[in-house]
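Here is the structure we will look at.
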Amino acid sequence: MPELPEVETTVRGLRTVLEGQELTEVTPRRPDLRRAIPPDLRQRLTGATVIGLRRRAKYGLIDTDRGDTLIFHLGMSGRWRIDPGEIGRHDHLLLKTGAGHVLALNDPRRFGSLDLVDSDEIAAFASFMALGPEPLGPEFKASYLADALNGRLAPIKALLLDQRVVAGLGNIYVCEALNLAKIHPGTAGGKIARTKLGTLVKAIRAVLGAAIEAGGSTLRDYARPDGELGYFSKQWRVYGREGEHCPCGGTVNRRADGGRSTFFCPKCQR
DNA sequence: CCGACAACCTGACGGC
DNA sequence: TGCCGTCAGGTTGTCG
């Protein structure tokens, strides 16, 4: 998935073609993704004007002048295509703008979601209720993390993937941030020294910031809305690099945690 | 509260 | 060339 940087990049890309535009045609092409798509989505969005786009965690928000907000999640394989030549079987929602652009939400695995909520009640949206702070926001600092991790014996990797602790990190950037901060992924969250938590906060910010700057990373099927691929993957320190050298000179190891691959360097991460 | 696991779904890739 | 097993960025729920 698209983790936070990819969603941020997507939102920025969509903003250039959607902001201020009327949605002249809205076409859901199937009734569900991971869960049902609101049945009245077409009716509520057709003719509305997009007044802004935002991101919360890994969700993209499209606000309209009718007081509705379309909330999308890209799951593992979702992406928006701008002016796709042909509509394929995985293009599940089509939006046409007053300027004549076509946007297609493409998601082969359909782990993504589409919701339409009252713009004034975003905070009450079920998926947002338990979300932790934005990792790039002012709330996310060593003191917050110390409180959130206090007494927790779970591995720091699992805790950082928990969207209730901090919202927006996924498997790639957790691996990257822990390597940058030189923390072993299996370390109990509550046992990390306060100064180390400060280092971790900075590492998370640095990794996410660099990825956004690079335009989002790419794995198999991620693409920017304009079709260009991101290139942050070239900068990955450990993710997907089993057997290669860590910047410290050690060798990148891979192990499974809860069914997901963890990449880390046993030499500098402890 | 915790960890492990399964489920959701399709496509890409490596091995034979 | 083709078949088969494995793996993939997430979220949600169950079970022990």
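Each chain in the structure tokens gets a letter, A, B, ..., in the order shown, and its residues are numbered from 1; ligands are numbered from 1 in order too.
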
Check: which chain C residues lie within 9 Å of chain A using only C-alpha atoms (C1' of nucleotides), as a PDB file with N, CA and C atoms (P, O5', C5', C4', C3', O3' and C1' of nucleotides), in the first residue's frame:
```
ATOM      1  P    DA C   8       6.156 -11.197   1.851  1.00  0.00           P
ATOM      2  O5'  DA C   8       5.333 -10.084   1.047  1.00  0.00           O
ATOM      3  C5'  DA C   8       6.000  -9.233   0.128  1.00  0.00           C
ATOM      4  C4'  DA C   8       4.974  -8.351  -0.563  1.00  0.00           C
ATOM      5  C3'  DA C   8       3.912  -7.808   0.404  1.00  0.00           C
ATOM      6  O3'  DA C   8       4.351  -6.572   0.965  1.00  0.00           O
ATOM      7  C1'  DA C   8       2.922  -8.632  -1.613  1.00  0.00           C
ATOM      8  P    DG C   9       4.534  -6.420   2.504  1.00  0.00           P
ATOM      9  O5'  DG C   9       4.128  -4.938   2.824  1.00  0.00           O
ATOM     10  C5'  DG C   9       4.349  -3.867   1.913  1.00  0.00           C
ATOM     11  C4'  DG C   9       3.722  -2.600   2.446  1.00  0.00           C
ATOM     12  C3'  DG C   9       2.298  -2.766   2.979  1.00  0.00           C
ATOM     13  O3'  DG C   9       1.995  -1.633   3.794  1.00  0.00           O
ATOM     14  C1'  DG C   9       2.251  -1.875   0.807  1.00  0.00           C
ATOM     15  P    DG C  10       1.155  -1.880   5.038  1.00  0.00           P
ATOM     16  O5'  DG C  10      -0.278  -2.232   4.449  1.00  0.00           O
ATOM     17  C5'  DG C  10      -1.014  -1.248   3.759  1.00  0.00           C
ATOM     18  C4'  DG C  10      -2.462  -1.220   4.225  1.00  0.00           C
ATOM     19  C3'  DG C  10      -2.622  -1.078   5.736  1.00  0.00           C
ATOM     20  O3'  DG C  10      -3.745  -0.217   5.973  1.00  0.00           O
ATOM     21  C1'  DG C  10      -3.596  -3.126   5.017  1.00  0.00           C
ATOM     22  P    DT C  11      -4.130   0.262   7.431  1.00  0.00           P
ATOM     23  O5'  DT C  11      -5.355  -0.672   7.801  1.00  0.00           O
ATOM     24  C5'  DT C  11      -6.496  -0.640   6.958  1.00  0.00           C
ATOM     25  C4'  DT C  11      -7.459  -1.728   7.349  1.00  0.00           C
ATOM     26  C3'  DT C  11      -7.880  -1.727   8.823  1.00  0.00           C
ATOM     27  O3'  DT C  11      -9.286  -1.565   8.806  1.00  0.00           O
ATOM     28  C1'  DT C  11      -7.340  -3.927   8.080  1.00  0.00           C
TER      29       DT C  11
END
```

### Task
For chain A, report every residue with an atom at most 9 Å from chain B (counting only C-alpha atoms (C1' of nucleotides)), formatted as an NGL selection string.
:A and (34 or 108-111 or 152-154 or 220 or 258-259)

Go ahead and write the selection's residues with N, CA and C atoms as a compact mmCIF listing (two decimals), in the first residue's frame.
```txt
# COMPACT_ATOMS: atom_id res chain seq x y z
N ARG A 34 -13.50 -3.63 -0.26
CA ARG A 34 -13.39 -4.51 0.90
C ARG A 34 -14.75 -4.63 1.61
N PRO A 108 -6.80 -3.74 -7.90
CA PRO A 108 -6.95 -5.16 -8.25
C PRO A 108 -7.35 -6.05 -7.08
N ARG A 109 -6.73 -5.86 -5.93
CA ARG A 109 -7.03 -6.76 -4.81
C ARG A 109 -8.27 -6.35 -4.02
N ARG A 110 -8.72 -5.14 -4.26
CA ARG A 110 -9.93 -4.64 -3.60
C ARG A 110 -9.86 -4.69 -2.08
N PHE A 111 -8.71 -4.39 -1.52
CA PHE A 111 -8.60 -4.27 -0.07
C PHE A 111 -8.89 -2.84 0.35
N ARG A 152 4.29 -1.30 27.77
CA ARG A 152 3.97 -2.24 26.69
C ARG A 152 5.13 -3.20 26.46
N LEU A 153 4.80 -4.48 26.41
CA LEU A 153 5.84 -5.49 26.19
C LEU A 153 5.89 -5.95 24.74
N ALA A 154 4.93 -5.55 23.95
CA ALA A 154 4.90 -5.95 22.54
C ALA A 154 6.11 -5.36 21.82
N ARG A 220 5.18 -2.79 -6.44
CA ARG A 220 4.82 -3.44 -7.70
C ARG A 220 3.89 -2.58 -8.54
N GLY A 258 4.42 -12.08 12.87
CA GLY A 258 2.99 -12.05 12.64
C GLY A 258 2.65 -12.16 11.17
N GLY A 259 3.39 -13.01 10.48
CA GLY A 259 3.08 -13.24 9.07
C GLY A 259 3.59 -12.18 8.11
```

Exercise. Tell me, which residues of region 34-166 of chain A carry DSSP strand (DSSP E), written as a ChimeraX atom specification?
Worked result: /A:50-56,59-64,68-73,79-82,91-97,102-106,113-118

- Query: Using the chain letters and numbers from this document, which residues of region 8-231 of chain A does DSSP assign to helix (DSSP H, G or I), as a ChimeraX atom specification?
  - Reply: /A:8-18,41-45,119-124,126-129,142-149,156-161,171-180,189-191,194-213

Suppose we keep C-alpha atoms; can you now write the selection as a compact mmCIF listing (two decimals), in the first residue's frame?
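Saved file part_28.txt follows:
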```txt
# COMPACT_ATOMS: atom_id res chain seq x y z
CA GLU A 8 0.05 12.08 0.55
CA THR A 9 1.55 12.05 -2.94
CA THR A 10 -1.73 10.77 -4.35
CA VAL A 11 -3.72 13.51 -2.64
CA ARG A 12 -1.36 16.16 -3.96
CA GLY A 13 -1.64 14.74 -7.45
CA LEU A 14 -5.43 14.57 -7.31
CA ARG A 15 -5.58 18.10 -5.99
CA THR A 16 -4.18 19.48 -9.23
CA VAL A 17 -7.02 18.04 -11.30
CA LEU A 18 -9.90 17.94 -8.81
CA LEU A 41 -22.60 7.66 -3.85
CA ARG A 42 -23.34 8.51 -7.48
CA GLN A 43 -26.44 10.49 -6.64
CA ARG A 44 -24.77 12.47 -3.85
CA LEU A 45 -21.59 13.30 -5.74
CA SER A 119 -17.98 16.68 6.34
CA ASP A 120 -18.87 17.99 9.77
CA GLU A 121 -18.71 14.54 11.29
CA ILE A 122 -15.39 13.30 10.02
CA ALA A 123 -14.17 12.77 13.57
CA ALA A 124 -17.04 10.36 14.18
CA ALA A 126 -15.70 4.77 12.54
CA SER A 127 -12.31 4.21 10.93
CA PHE A 128 -11.01 7.49 12.36
CA MET A 129 -12.22 7.12 15.92
CA ALA A 142 9.07 11.66 22.43
CA SER A 143 6.82 12.50 25.38
CA TYR A 144 3.74 11.23 23.54
CA LEU A 145 5.49 8.05 22.52
CA ALA A 146 6.78 7.47 26.04
CA ASP A 147 3.21 7.61 27.34
CA ALA A 148 1.80 5.49 24.53
CA LEU A 149 4.44 2.78 24.96
CA ILE A 156 8.19 -1.96 18.87
CA LYS A 157 7.62 -3.03 15.28
CA ALA A 158 4.11 -4.26 16.06
CA LEU A 159 3.36 -1.15 18.08
CA LEU A 160 4.40 1.21 15.29
CA LEU A 161 2.20 -0.71 12.86
CA ASN A 171 5.54 -2.32 6.94
CA ILE A 172 8.09 -0.58 4.75
CA TYR A 173 8.51 2.65 6.66
CA VAL A 174 8.49 0.97 10.05
CA CYS A 175 11.41 -1.20 8.93
CA GLU A 176 13.18 1.84 7.54
CA ALA A 177 12.62 4.03 10.59
CA LEU A 178 13.78 1.36 13.04
CA ASN A 179 16.94 0.86 11.03
CA LEU A 180 17.63 4.59 10.92
CA GLY A 189 8.15 -0.90 23.22
CA GLY A 190 8.04 0.02 26.90
CA LYS A 191 11.71 -0.73 27.39
CA ARG A 194 13.43 8.12 26.45
CA THR A 195 16.35 9.53 24.50
CA LYS A 196 16.03 6.65 22.08
CA LEU A 197 12.36 7.50 21.59
CA GLY A 198 13.43 10.98 20.59
CA THR A 199 15.72 9.45 18.02
CA LEU A 200 12.88 7.24 16.80
CA VAL A 201 10.51 10.16 16.36
CA LYS A 202 13.10 11.98 14.31
CA ALA A 203 13.82 8.86 12.25
CA ILE A 204 10.13 8.35 11.47
CA ARG A 205 9.78 11.97 10.42
CA ALA A 206 12.92 11.80 8.30
CA VAL A 207 11.93 8.61 6.52
CA LEU A 208 8.40 9.81 5.76
CA GLY A 209 9.59 13.26 4.76
CA ALA A 210 12.15 11.87 2.36
CA ALA A 211 9.59 9.53 0.81
CA ILE A 212 7.08 12.30 0.25
CA GLU A 213 9.79 14.45 -1.23
```

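In this model, the gap between CA of Glu139 (chain A) and CA of Ala57 (chain A) comes to 13.8 Å.
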